[in-house]
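Structure below is model-v7.txt: compact mmCIF, C-alpha atoms and all ligand atoms.
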```
# COMPACT_ATOMS: atom_id res chain seq x y z
CA MET A 23 22.14 15.42 -29.88
CA ILE A 24 23.48 15.49 -26.31
CA ALA A 25 22.75 19.21 -26.14
CA SER A 26 19.15 18.67 -27.13
CA VAL A 27 18.79 15.91 -24.54
CA LEU A 28 20.22 18.21 -21.88
CA MET A 29 17.88 20.95 -22.99
CA GLY A 30 15.03 18.48 -22.64
CA VAL A 31 16.13 17.51 -19.15
CA ARG A 32 16.49 21.17 -18.18
CA ARG A 33 13.09 22.03 -19.58
CA TRP A 34 11.60 19.10 -17.70
CA SER A 35 13.38 20.12 -14.50
CA TRP A 36 11.96 23.61 -14.80
CA THR A 37 8.50 22.23 -15.42
CA VAL A 38 8.76 20.02 -12.36
CA LEU A 39 10.23 22.85 -10.32
CA SER A 40 7.44 25.20 -11.36
CA LEU A 41 4.79 22.59 -10.62
CA GLY A 42 6.50 21.92 -7.29
CA LEU A 43 6.51 25.61 -6.36
CA LEU A 44 2.85 25.93 -7.27
CA THR A 45 2.16 22.85 -5.19
CA CYS A 46 3.98 24.34 -2.18
CA ILE A 47 2.09 27.61 -2.44
CA ALA A 48 -1.22 25.77 -2.75
CA ALA A 49 -0.23 23.54 0.16
CA GLN A 50 0.43 26.43 2.52
CA ALA A 51 -2.76 28.16 1.52
CA ALA A 52 -4.88 25.05 1.92
CA SER A 53 -3.59 23.73 5.25
CA ALA A 54 -3.83 27.11 6.95
CA ALA A 55 -7.38 27.88 5.91
CA ASP A 56 -9.18 24.59 5.46
CA CYS A 57 -9.45 23.23 8.98
CA PRO A 58 -11.47 25.64 11.08
CA GLY A 59 -11.16 24.93 14.76
CA HIS A 60 -8.01 22.87 14.21
CA PRO A 61 -5.19 25.35 13.64
CA ASP A 62 -2.52 22.67 14.06
CA ALA A 63 -4.16 20.17 11.73
CA LEU A 64 -2.16 18.38 9.10
CA GLY A 65 -4.77 19.36 6.52
CA THR A 66 -5.05 18.33 2.90
CA SER A 67 -2.62 20.34 0.82
CA ARG A 68 -4.09 19.83 -2.63
CA THR A 69 -6.34 17.78 -4.86
CA LEU A 70 -4.71 15.82 -7.65
CA VAL A 71 -6.98 15.07 -10.61
CA VAL A 72 -5.94 11.97 -12.55
CA ASP A 73 -7.14 10.44 -15.80
CA PRO A 74 -7.40 6.64 -15.43
CA ARG A 75 -7.28 6.19 -19.20
CA GLU A 76 -3.90 7.87 -19.41
CA HIS A 77 -2.48 6.05 -16.38
CA PRO A 78 -4.38 2.76 -15.94
CA ARG A 79 -2.13 1.21 -13.26
CA ILE A 80 -0.35 2.93 -10.42
CA GLY A 81 1.70 2.01 -7.35
CA THR A 82 5.37 1.05 -7.40
CA MET A 83 4.78 -2.06 -5.30
CA GLN A 84 3.72 -3.60 -8.60
CA TYR A 85 3.84 -1.12 -11.44
CA PRO A 86 6.37 1.22 -13.01
CA GLU A 87 4.05 4.19 -12.58
CA THR A 88 2.70 5.78 -9.47
CA LEU A 89 0.89 9.02 -8.65
CA PRO A 90 2.73 12.17 -9.73
CA LEU A 91 3.49 13.39 -6.23
CA ALA A 92 6.05 15.97 -5.24
CA ASP A 93 8.60 15.17 -2.57
CA HIS A 94 6.98 14.81 0.87
CA GLU A 95 3.50 14.34 -0.57
CA VAL A 96 1.46 11.41 0.72
CA VAL A 97 -1.78 9.79 -0.38
CA LEU A 98 -3.59 7.79 2.30
CA THR A 99 -5.68 4.79 1.26
CA PHE A 100 -7.92 2.53 3.36
CA ASP A 101 -9.19 -0.86 2.23
CA ASP A 102 -11.85 -3.41 3.16
CA GLY A 103 -14.49 -1.22 4.81
CA PRO A 104 -16.79 0.14 5.70
CA LEU A 105 -17.03 -1.56 9.06
CA PRO A 106 -18.74 0.89 11.43
CA LYS A 107 -16.85 -0.04 14.57
CA TYR A 108 -13.50 0.96 13.14
CA SER A 109 -14.31 2.92 9.97
CA ASN A 110 -16.18 5.55 12.01
CA GLN A 111 -13.15 6.00 14.24
CA ILE A 112 -10.89 6.33 11.22
CA LEU A 113 -13.26 8.98 9.84
CA ALA A 114 -13.16 10.90 13.12
CA ILE A 115 -9.37 10.82 13.24
CA LEU A 116 -9.10 12.04 9.65
CA ALA A 117 -11.70 14.75 10.28
CA ALA A 118 -9.79 16.07 13.29
CA GLN A 119 -6.81 16.60 11.01
CA CYS A 120 -8.84 17.71 7.97
CA VAL A 121 -7.19 14.94 6.00
CA LYS A 122 -8.86 13.49 2.90
CA ALA A 123 -8.13 9.93 1.86
CA THR A 124 -9.21 7.29 -0.64
CA PHE A 125 -11.31 4.34 0.56
CA PHE A 126 -11.59 1.08 -1.34
CA THR A 127 -14.85 -0.49 -0.24
CA ILE A 128 -15.90 -4.11 -0.38
CA GLY A 129 -19.33 -4.63 -1.97
CA ARG A 130 -20.53 -6.94 0.73
CA GLN A 131 -19.52 -4.45 3.41
CA ALA A 132 -21.36 -1.74 1.48
CA ASN A 133 -24.51 -3.90 1.32
CA ALA A 134 -24.32 -4.51 5.06
CA ASN A 135 -23.57 -0.90 5.87
CA PRO A 136 -24.67 1.48 3.09
CA GLU A 137 -24.74 4.38 5.53
CA GLY A 138 -21.03 3.78 6.15
CA VAL A 139 -20.32 4.30 2.45
CA ARG A 140 -22.36 7.50 2.36
CA LYS A 141 -20.43 8.78 5.37
CA LEU A 142 -17.18 8.47 3.45
CA VAL A 143 -18.46 10.63 0.62
CA ALA A 144 -20.18 13.06 2.98
CA ALA A 145 -16.84 13.59 4.72
CA GLY A 146 -15.30 14.51 1.36
CA HIS A 147 -13.20 11.41 0.86
CA THR A 148 -12.65 9.64 -2.43
CA VAL A 149 -14.35 6.25 -2.74
CA GLY A 150 -13.18 3.49 -5.05
CA THR A 151 -13.96 -0.23 -4.87
CA HIS A 152 -12.23 -3.45 -3.87
CA SER A 153 -14.49 -6.25 -5.27
CA GLN A 154 -17.72 -7.72 -3.94
CA ASN A 155 -16.43 -10.52 -1.68
CA HIS A 156 -12.69 -9.90 -1.48
CA PRO A 157 -11.62 -13.30 -2.83
CA LEU A 158 -7.88 -13.80 -2.54
CA THR A 159 -7.87 -15.62 -5.85
CA PHE A 160 -7.96 -12.84 -8.41
CA GLN A 161 -4.71 -14.05 -9.94
CA LYS A 162 -6.20 -17.41 -10.91
CA ILE A 163 -9.98 -17.29 -11.17
CA PRO A 164 -11.58 -17.24 -14.64
CA ILE A 165 -11.87 -13.72 -15.96
CA GLU A 166 -15.68 -13.96 -15.99
CA LYS A 167 -15.63 -14.53 -12.23
CA ALA A 168 -13.21 -11.68 -11.68
CA ARG A 169 -15.40 -9.39 -13.79
CA GLN A 170 -18.39 -10.41 -11.74
CA GLU A 171 -16.56 -9.61 -8.52
CA ILE A 172 -15.50 -6.21 -9.86
CA ASP A 173 -18.92 -5.35 -11.29
CA ASP A 174 -20.84 -6.52 -8.23
CA GLY A 175 -18.55 -4.58 -5.91
CA ILE A 176 -19.16 -1.44 -7.92
CA ALA A 177 -22.90 -2.08 -8.07
CA SER A 178 -23.13 -2.60 -4.30
CA THR A 179 -21.18 0.54 -3.54
CA LEU A 180 -23.20 2.50 -6.11
CA ALA A 181 -26.42 1.22 -4.57
CA ALA A 182 -25.27 2.69 -1.26
CA LEU A 183 -24.28 6.01 -2.83
CA GLY A 184 -27.17 6.35 -5.24
CA ASP A 185 -25.18 8.64 -7.50
CA PRO A 186 -22.53 7.33 -9.94
CA SER A 187 -20.72 10.67 -9.88
CA LYS A 188 -19.81 10.03 -6.24
CA LEU A 189 -17.88 6.86 -7.02
CA ALA A 190 -14.33 7.17 -8.36
CA PRO A 191 -13.25 4.79 -11.15
CA PHE A 192 -10.49 3.46 -8.89
CA PHE A 193 -10.08 -0.22 -8.03
CA ARG A 194 -7.69 -2.06 -5.77
CA ILE A 195 -7.36 -5.78 -6.45
CA PRO A 196 -7.89 -7.83 -3.26
CA GLY A 197 -4.53 -8.90 -1.90
CA LEU A 198 -2.95 -7.07 -4.86
CA LEU A 199 -3.28 -10.41 -6.63
CA ARG A 200 -3.04 -8.99 -10.10
CA ALA A 201 -3.63 -10.77 -13.40
CA ASN A 202 -3.35 -9.50 -16.96
CA GLY A 203 -6.97 -10.24 -17.79
CA VAL A 204 -8.18 -8.38 -14.71
CA GLU A 205 -6.06 -5.33 -15.51
CA GLU A 206 -7.19 -5.38 -19.13
CA TYR A 207 -10.83 -5.54 -18.14
CA LEU A 208 -10.47 -2.67 -15.67
CA ALA A 209 -8.63 -0.57 -18.26
CA SER A 210 -11.37 -1.27 -20.80
CA GLN A 211 -13.86 0.14 -18.28
CA GLY A 212 -11.77 3.27 -17.70
CA ILE A 213 -11.02 2.12 -14.17
CA GLN A 214 -7.62 2.81 -12.65
CA VAL A 215 -5.90 -0.04 -10.81
CA TRP A 216 -4.38 1.14 -7.55
CA SER A 217 -1.55 -0.83 -6.08
CA ALA A 218 0.43 1.14 -3.48
CA ASP A 219 3.91 2.44 -2.84
CA PHE A 220 4.17 0.96 0.65
CA PRO A 221 2.02 -0.85 3.21
CA ALA A 222 2.30 -0.62 6.99
CA ASP A 223 1.41 -4.29 7.65
CA ASP A 224 -1.71 -3.29 9.58
CA TRP A 225 -3.45 -6.53 8.55
CA ARG A 226 -0.80 -8.57 10.33
CA HIS A 227 -0.79 -9.52 13.98
CA VAL A 228 1.50 -6.68 15.04
CA PRO A 229 1.06 -3.98 17.67
CA PRO A 230 -0.08 -0.50 16.61
CA ALA A 231 3.40 0.83 17.39
CA ARG A 232 4.74 -1.43 14.68
CA VAL A 233 2.18 -0.13 12.17
CA TYR A 234 3.25 3.39 13.05
CA ASP A 235 6.94 2.55 12.72
CA LEU A 236 6.53 0.85 9.36
CA ALA A 237 4.37 3.64 7.94
CA ILE A 238 6.93 6.29 8.86
CA LYS A 239 10.04 4.28 7.97
CA ARG A 240 8.75 3.18 4.61
CA LEU A 241 7.54 6.65 3.77
CA GLU A 242 10.88 8.15 4.76
CA ALA A 243 12.63 5.60 2.55
CA LYS A 244 10.72 6.76 -0.51
CA GLY A 245 10.08 10.36 0.45
CA LYS A 246 6.52 10.33 -0.90
CA GLY A 247 3.86 7.95 -2.11
CA ILE A 248 0.67 5.98 -1.58
CA LEU A 249 0.30 4.41 1.86
CA LEU A 250 -1.88 1.29 2.08
CA LEU A 251 -3.91 0.94 5.30
CA HIS A 252 -7.14 -0.81 6.37
CA ASP A 253 -10.08 0.93 8.04
CA ILE A 254 -11.33 -2.35 9.52
CA GLN A 255 -8.35 -2.88 11.81
CA PRO A 256 -8.20 -1.77 15.46
CA ARG A 257 -4.44 -1.40 15.27
CA THR A 258 -4.88 1.06 12.42
CA VAL A 259 -7.31 3.08 14.51
CA ALA A 260 -4.77 3.08 17.31
CA ALA A 261 -1.79 3.99 15.12
CA LEU A 262 -3.35 6.58 12.82
CA PRO A 263 -3.39 9.64 15.13
CA ARG A 264 0.33 9.29 15.79
CA ILE A 265 1.07 8.67 12.10
CA LEU A 266 -0.74 11.88 11.11
CA GLN A 267 0.93 13.81 13.90
CA GLU A 268 4.35 12.62 12.78
CA LEU A 269 3.63 13.41 9.13
CA LYS A 270 2.95 16.97 10.19
CA VAL A 271 6.13 17.18 12.29
CA ARG A 272 8.21 15.85 9.42
CA GLY A 273 6.76 18.26 6.90
CA TYR A 274 4.71 15.81 4.84
CA ARG A 275 1.65 17.01 2.99
CA ILE A 276 -1.52 15.08 2.28
CA VAL A 277 -2.84 14.95 -1.27
CA GLN A 278 -6.36 13.88 -2.16
CA VAL A 279 -6.83 12.15 -5.49
CA VAL A 280 -9.95 12.36 -7.64
CA ALA A 281 -10.67 11.24 -11.19
CA ALA A 282 -10.92 13.55 -14.16
CA THR A 283 -14.37 14.14 -15.64
CA PRO A 284 -15.53 16.13 -18.67
CA GLU A 285 -15.96 19.07 -16.30
CA ARG A 286 -12.81 18.48 -14.26
CA MET A 287 -9.54 18.48 -16.17
CA ALA A 288 -6.69 16.23 -15.10
CA THR A 289 -3.91 18.04 -13.24
CA PRO A 290 -1.18 18.86 -15.79
CA THR A 291 1.83 16.58 -15.38
CA VAL A 292 4.78 15.34 -17.38
CA PRO A 293 5.40 11.59 -17.84
CA GLN A 294 8.48 11.53 -15.61
CA GLN A 295 6.42 12.62 -12.62
CA TRP A 296 4.57 9.30 -12.79
CA LEU A 297 7.77 7.44 -12.03
CA LEU A 298 8.66 7.32 -8.36
CA HIS A 299 12.23 8.44 -8.91
CA PRO A 300 13.29 10.02 -12.17
CA PRO A 301 16.32 8.18 -13.59
CA SER A 302 18.60 11.17 -13.02
CA GLU A 303 18.30 10.90 -9.27
CA THR A 304 20.29 8.68 -6.98
CA ILE A 305 18.12 7.42 -4.19
CA ALA A 306 19.43 5.31 -1.38
CA ILE A 307 17.66 2.01 -1.01
CA SER A 308 16.10 1.24 2.32
CA ARG A 309 15.50 -2.31 3.42
CA TRP A 310 11.85 -1.39 3.91
CA PRO A 311 9.47 -2.08 2.42
CA LYS A 312 10.19 -5.53 1.08
CA ILE A 313 9.26 -4.62 -2.40
CA PRO A 314 11.24 -4.29 -5.56
CA ASN A 315 12.82 -1.01 -6.42
CA PHE A 316 13.15 -1.17 -10.17
CA VAL A 317 15.66 1.39 -11.18
CA PHE A 318 17.83 2.52 -8.36
CA ALA A 319 19.05 -0.43 -6.37
CA ASP A 320 22.75 0.06 -6.12
CA ALA A 321 23.90 -3.52 -5.98
CA ALA A 322 27.45 -2.45 -5.23
CA THR A 323 26.46 -1.24 -1.78
CA LEU A 324 24.80 -4.49 -0.77
CA ALA A 325 26.56 -7.54 0.57
CA ALA A 326 26.92 -10.32 -1.97
CA PRO A 327 24.40 -13.01 -1.07
CA VAL A 328 24.94 -16.72 -1.22
CA LEU A 329 21.58 -17.99 -2.28
CA SER A 330 22.52 -21.38 -3.58
CA ASP A 331 21.56 -23.47 -0.58
CA LEU A 332 19.67 -21.19 1.77
CA ASP A 333 16.09 -20.13 1.50
CA TRP A 334 16.75 -16.45 2.05
CA ARG A 335 13.85 -14.18 2.76
CA ASP A 336 15.71 -11.01 3.32
CA ALA A 337 14.62 -7.93 1.46
CA GLU A 338 18.12 -6.67 0.77
CA LEU A 339 18.99 -9.96 -0.79
CA LEU A 340 15.82 -9.93 -2.83
CA ASP A 341 16.75 -6.55 -4.20
CA HIS A 342 20.27 -7.62 -4.83
CA ALA A 343 19.28 -10.86 -6.50
CA ARG A 344 16.90 -9.10 -8.80
CA HIS A 345 19.49 -6.62 -9.90
CA THR A 346 22.29 -9.12 -10.24
CA ARG A 347 21.17 -11.20 -13.14
CA GLY A 348 21.94 -14.86 -12.85
CA VAL A 349 21.70 -15.03 -9.06
CA PRO A 350 18.87 -17.42 -8.18
CA LEU A 351 15.91 -16.00 -6.31
CA PRO A 352 14.63 -17.34 -3.03
CA ARG A 353 12.00 -20.02 -3.38
CA GLN A 354 9.34 -18.09 -1.51
CA ALA A 355 9.36 -14.35 -1.09
CA PRO A 356 7.31 -12.68 1.62
CA TRP A 357 6.16 -9.91 -0.65
CA PRO A 358 5.78 -9.44 -4.44
CA GLN A 359 7.98 -12.09 -5.94
CA PRO A 360 10.15 -10.43 -8.51
CA GLU A 361 11.41 -12.19 -11.58
CA LEU A 362 14.88 -11.56 -12.84
CA ALA A 363 13.51 -10.68 -16.24
CA GLN A 364 11.48 -7.79 -14.86
CA THR A 365 12.82 -4.35 -15.60
CA SER A 366 11.58 -0.84 -15.07
CA ALA A 367 9.84 -1.08 -18.42
CA ALA A 368 7.89 -4.16 -17.41
CA PRO A 369 4.15 -3.54 -17.17
CA ALA A 370 3.74 -5.28 -13.84
CA LEU A 371 5.29 -7.45 -11.21
CA PRO A 372 4.12 -10.89 -10.23
CA ILE A 373 1.64 -11.22 -7.44
CA PRO A 374 2.54 -11.04 -3.78
CA ALA A 375 2.28 -14.13 -1.65
CA ALA A 376 -1.33 -14.50 -0.56
CA SER A 377 -0.26 -14.96 3.04
CA VAL A 378 0.83 -11.36 3.00
CA PHE A 379 -2.81 -10.35 3.29
CA LYS A 380 -3.75 -12.76 6.01
CA ILE A 381 -5.48 -10.93 8.84
CA PRO A 382 -5.26 -12.23 12.37
CA GLU A 383 -8.58 -13.22 13.87
CA THR A 384 -8.33 -11.42 17.16
CA THR A 385 -6.62 -8.22 18.08
CA ARG A 386 -6.62 -5.93 21.03
CA VAL A 387 -6.70 -2.17 20.71
CA THR A 388 -3.69 -0.63 22.36
CA LEU A 389 -3.57 3.11 22.08
CA LEU A 390 -0.19 4.47 21.18
CA GLU A 391 1.47 6.62 23.72
CA THR A 392 2.06 10.10 22.42
CA ASN A 393 5.71 10.02 23.35
CA SER A 394 6.49 6.79 21.53
CA GLN A 395 9.84 6.98 19.87
CA VAL A 396 10.15 7.37 16.17
CA ASN A 397 13.20 5.32 15.42
CA ARG A 398 13.14 2.74 18.13
CA PRO A 399 14.67 -0.61 17.34
CA GLU A 400 12.66 -3.41 15.76
CA GLN A 401 10.52 -5.22 18.27
CA ALA A 402 11.59 -8.67 19.26
CA VAL A 403 9.17 -11.06 17.61
CA PRO A 404 9.28 -14.79 18.29
CA ILE A 405 10.54 -16.85 15.40
CA GLU A 406 8.16 -19.44 14.01
CA PRO A 407 9.17 -23.00 14.95
CA GLU A 408 9.56 -24.02 11.34
CA THR A 409 11.71 -20.98 10.62
CA GLN A 410 13.79 -21.91 13.65
CA ALA A 411 14.11 -25.43 12.24
CA HIS A 412 15.18 -23.90 8.98
CA ILE A 413 17.96 -21.98 10.71
CA VAL A 414 19.13 -25.14 12.45
CA SER A 415 19.16 -26.97 9.15
CA ALA A 416 21.13 -24.16 7.51
CA LYS A 417 23.62 -24.43 10.38
CA SER A 418 24.02 -28.16 9.81
CA ARG A 419 24.66 -27.49 6.14
CA GLY A 420 27.64 -25.37 7.15
CA ALA A 421 26.21 -21.88 6.67
CA SER A 422 28.58 -19.15 7.81
CA ALA A 423 27.98 -17.17 10.98
CA HIS A 424 27.14 -14.16 8.80
CA GLN A 425 24.55 -16.13 6.85
CA LEU A 426 22.97 -17.42 10.04
CA THR A 427 22.79 -13.93 11.50
CA ARG A 428 21.11 -12.70 8.34
CA LEU A 429 18.69 -15.60 8.41
CA ARG A 430 17.74 -14.92 12.03
CA HIS A 431 17.37 -11.25 11.25
CA ALA A 432 15.14 -12.02 8.28
CA ALA A 433 13.04 -14.30 10.49
CA HIS A 434 12.57 -11.51 13.01
CA GLN A 435 11.71 -9.04 10.28
CA ASN A 436 9.13 -11.40 8.89
CA PRO A 437 8.05 -13.86 11.53
CA HIS A 438 5.32 -15.27 9.31
CA ALA A 439 7.62 -16.05 6.40
CA GLY A 440 7.64 -19.71 7.28
CA ARG A 441 3.90 -19.83 6.75
CA ALA A 442 3.93 -18.25 3.32
CA GLY A 443 1.27 -19.72 1.10
CA ARG A 444 -1.00 -20.90 3.93
CA GLY A 445 -3.98 -19.35 5.57
CA VAL A 446 -4.94 -17.79 2.31
CA SER A 447 -8.61 -17.44 3.03
CA LYS A 448 -8.41 -16.00 6.52
CA HIS A 449 -8.74 -12.44 5.31
CA ALA A 450 -11.83 -13.35 3.34
CA GLU A 451 -13.14 -15.24 6.34
CA GLN A 452 -12.72 -12.21 8.52
CA VAL A 453 -14.48 -10.05 6.00
CA LYS A 454 -17.24 -12.63 5.93
CA LYS A 455 -17.40 -12.52 9.70
CA HIS A 456 -17.60 -8.75 9.68
CA GLY A 457 -20.34 -8.86 7.10
CA ARG A 458 -22.21 -11.46 9.11
CA SER A 459 -21.89 -9.60 12.40
CA VAL A 460 -23.04 -6.40 10.77
CA ARG A 461 -26.00 -8.15 9.21
CA LEU A 462 -26.86 -9.77 12.52
CA ALA A 463 -26.68 -6.42 14.25
CA SER A 464 -28.99 -4.84 11.69
CA LEU A 465 -31.40 -7.77 11.92
CA ARG A 466 -31.53 -7.42 15.67
CA LYS A 467 -32.41 -3.77 15.29
CA ARG A 468 -35.42 -4.60 13.19
ZN ZN B 501 -8.32 -5.89 1.01
```
Would you write out, as structure tokens, the structure that this file holds?
Ligand SMILES: [Zn+2]
Amino acid sequence: MIASVLMGVRRWSWTVLSLGLLTCIAAQAASAADCPGHPDALGTSRTLVVDPREHPRIGTMQYPETLPLADHEVVLTFDDGPLPKYSNQILAILAAQCVKATFFTIGRQANANPEGVRKLVAAGHTVGTHSQNHPLTFQKIPIEKARQEIDDGIASTLAALGDPSKLAPFFRIPGLLRANGVEEYLASQGIQVWSADFPADDWRHVPPARVYDLAIKRLEAKGKGILLLHDIQPRTVAALPRILQELKVRGYRIVQVVAATPERMATPTVPQQWLLHPPSETIAISRWPKIPNFVFADAATLAAPVLSDLDWRDAELLDHARHTRGVPLPRQAPWPQPELAQTSAAPALPIPAASVFKIPETTRVTLLETNSQVNRPEQAVPIEPETQAHIVSAKSRGASAHQLTRLRHAAHQNPHAGRAGRGVSKHAEQVKKHGRSVRLASLRKR
């Protein structure tokens, strides 16, 4: 029995090793030859063909499965466009590195800027959709409304493309606000739901350097995966060149993902490759990103939290609490709020706090300096007044110095935590504004 299991593991290891070697060979061949005029480009190492019907939901931020990537393979994704002002710059940056990504377009943006959608496909990128109006209510609206949002978003993007074969059956739920009915509907349509493996917080009011830091740190923590970015954000435009440059320096390889068709077979994989870390591996847990890590949190290495009377928002504690059954969870988590009952076999995690996807109204483009440090310390961010009040109240309740330090640290890590649950519609408002400004611009042209 044990022998046969071991044989199975060995056979699987060899399969993975062989696939990995093939991937490496393909990677070298592709990056050297595929970017004429840019000999130092990062390049796109390979194309991964996936079958949405076999793997309907991906992205370890919310699901047990993610793309079957080898170590140091990265998939770039950009949401909420196209918005010419920034999307065109993102396209130029990607083109200079011969990097192919996946874009999740908003129907209304596609209506306002159909040429922008065609540009994505013309540049060889994969295009999926992200609803018609980007409502941050997918977790609670009636399924008929959600279906309408999904269908209209697809129709608008298709209208821009004019050819169904150019649209991938990939969908990212706005705000990652998943619901069973939504996932079931998408699966019934043969559409793959894309969560992500890590974000870089580029929708938050943070400087580009922070976006860069988070992208690299979170990627390094997992070693591979799907990075969630937004092509409508100036800070993303500012951070992206340095991110790509650093990926190259650190030996990461870009993978483009496309959907299987009758003519295009899915890339052969084994089921274990669709799990971020096979159970036989021991992977150190990083405190970033603030998302659950289902299988490999080693609770023994984390400090024992005291959650009874403090509203902790610290990622380490979240991880610990989830893996130490019986320890109460914080009342409000800044990111997907895990339930103690969730395990690696669970189909999905609960939704993230809507405030997570709040986008600041105004931002200034600050180009990253090329010599910016990779592992510089966290930037000092002012603590929200109510979070400060919370710390004071914890102090008065006799919290230990250690607890207070942790609380302050958590507040710095997540300065907006105190506002969780508010400002839900700002992202949608901004999208509306973009749509309106684009429409106004096109009206003026007429
Ligand atoms: Zn979005």
For ligand ZN 501 (chain B), list the contacting residues at 10 Å or closer, counting all atoms listed in the file, as a ChimeraX atom specification.
/A:100-103,126-128,151-153,155-158,194-198,225,250-254,379-381,449-450,453
Store the residues picked out above, limited to C-alpha atoms, as an mmCIF file, keeping the file's coordinate frame.
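File written: part-v7.cif
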```
data_model
loop_
_atom_site.group_PDB
_atom_site.id
_atom_site.type_symbol
_atom_site.label_atom_id
_atom_site.label_comp_id
_atom_site.auth_asym_id
_atom_site.auth_seq_id
_atom_site.Cartn_x
_atom_site.Cartn_y
_atom_site.Cartn_z
ATOM 1 C CA PHE A 100 -7.920 2.530 3.360
ATOM 2 C CA ASP A 101 -9.190 -0.860 2.230
ATOM 3 C CA ASP A 102 -11.850 -3.410 3.160
ATOM 4 C CA GLY A 103 -14.490 -1.220 4.810
ATOM 5 C CA PHE A 126 -11.590 1.080 -1.340
ATOM 6 C CA THR A 127 -14.850 -0.490 -0.240
ATOM 7 C CA ILE A 128 -15.900 -4.110 -0.380
ATOM 8 C CA THR A 151 -13.960 -0.230 -4.870
ATOM 9 C CA HIS A 152 -12.230 -3.450 -3.870
ATOM 10 C CA SER A 153 -14.490 -6.250 -5.270
ATOM 11 C CA ASN A 155 -16.430 -10.520 -1.680
ATOM 12 C CA HIS A 156 -12.690 -9.900 -1.480
ATOM 13 C CA PRO A 157 -11.620 -13.300 -2.830
ATOM 14 C CA LEU A 158 -7.880 -13.800 -2.540
ATOM 15 C CA ARG A 194 -7.690 -2.060 -5.770
ATOM 16 C CA ILE A 195 -7.360 -5.780 -6.450
ATOM 17 C CA PRO A 196 -7.890 -7.830 -3.260
ATOM 18 C CA GLY A 197 -4.530 -8.900 -1.900
ATOM 19 C CA LEU A 198 -2.950 -7.070 -4.860
ATOM 20 C CA TRP A 225 -3.450 -6.530 8.550
ATOM 21 C CA LEU A 250 -1.880 1.290 2.080
ATOM 22 C CA LEU A 251 -3.910 0.940 5.300
ATOM 23 C CA HIS A 252 -7.140 -0.810 6.370
ATOM 24 C CA ASP A 253 -10.080 0.930 8.040
ATOM 25 C CA ILE A 254 -11.330 -2.350 9.520
ATOM 26 C CA PHE A 379 -2.810 -10.350 3.290
ATOM 27 C CA LYS A 380 -3.750 -12.760 6.010
ATOM 28 C CA ILE A 381 -5.480 -10.930 8.840
ATOM 29 C CA HIS A 449 -8.740 -12.440 5.310
ATOM 30 C CA ALA A 450 -11.830 -13.350 3.340
ATOM 31 C CA VAL A 453 -14.480 -10.050 6.000
#
```
Kindly provide, as a PyMOL selection string, the polymer residues lying within 8 Å of (-0.9, -5.1, 9.8), counting only C-alpha atoms and using the coordinates exactly as they appear in the file.
chain A and resi 222-228+233+257-258+381
Can you pull out every residue within 10 Å of Leu89 (chain A), counting all atoms listed in the file, but drop anything in the same chain fewer than 3 positions away, and send it as an mmCIF file with C-alpha atoms, in the coordinates of the input?
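Generated file (result.cif):
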```cif
data_model
loop_
_atom_site.group_PDB
_atom_site.id
_atom_site.type_symbol
_atom_site.label_atom_id
_atom_site.label_comp_id
_atom_site.auth_asym_id
_atom_site.auth_seq_id
_atom_site.Cartn_x
_atom_site.Cartn_y
_atom_site.Cartn_z
ATOM 1 C CA LEU A 70 -4.710 15.820 -7.650
ATOM 2 C CA VAL A 72 -5.940 11.970 -12.550
ATOM 3 C CA HIS A 77 -2.480 6.050 -16.380
ATOM 4 C CA ARG A 79 -2.130 1.210 -13.260
ATOM 5 C CA ILE A 80 -0.350 2.930 -10.420
ATOM 6 C CA GLY A 81 1.700 2.010 -7.350
ATOM 7 C CA THR A 82 5.370 1.050 -7.400
ATOM 8 C CA ALA A 92 6.050 15.970 -5.240
ATOM 9 C CA VAL A 96 1.460 11.410 0.720
ATOM 10 C CA VAL A 97 -1.780 9.790 -0.380
ATOM 11 C CA TRP A 216 -4.380 1.140 -7.550
ATOM 12 C CA ALA A 218 0.430 1.140 -3.480
ATOM 13 C CA ASP A 219 3.910 2.440 -2.840
ATOM 14 C CA LYS A 246 6.520 10.330 -0.900
ATOM 15 C CA GLY A 247 3.860 7.950 -2.110
ATOM 16 C CA ILE A 248 0.670 5.980 -1.580
ATOM 17 C CA VAL A 279 -6.830 12.150 -5.490
ATOM 18 C CA GLN A 295 6.420 12.620 -12.620
ATOM 19 C CA TRP A 296 4.570 9.300 -12.790
ATOM 20 C CA LEU A 297 7.770 7.440 -12.030
ATOM 21 C CA LEU A 298 8.660 7.320 -8.360
#
```
Name all residues at most 8 Å from Leu142 (chain A) (count all atoms listed in the file; drop same-chain ones fewer than 6 positions away) and give them as number ranges by chain.
A: 113, 125, 148-149
Anything within 10 Å of (-5.3, -14.5, -10.1): list those residues as a ChimeraX atom specification, counting all atoms listed in the file and sticking to the file's coordinates.
/A:157-165,168,195-204,373
Give me, please, the distance in Å between CA of Phe193 (chain A) and CA of Cys57 (chain A), quoted to one decimal.
29.0 Å
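Separating CA of Glu166 (chain A) from CA of Val215 (chain A) is a distance of 17.8 Å.
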Determine the nearest neighbour of Ala118 (chain A) from the options A:Gly273, A:Pro221, A:Gly184, A:Pro58, counting all atoms listed in the file.
A:Pro58
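Shortest separation to Pro106 (chain A) among A:Gly65, A:Gly138, A:Pro284, A:Pro86 occurs at residue A:Gly138, atoms counted being only C-alpha atoms.
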Given all atoms listed in the file as the counted atoms, nearest of A:Leu105, A:Val143, A:Cys120, A:Leu269 to Pro61 (chain A)
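Of A:Leu105, A:Val143, A:Cys120, A:Leu269, the one nearest Pro61 (chain A) is A:Cys120, counting all atoms listed in the file.
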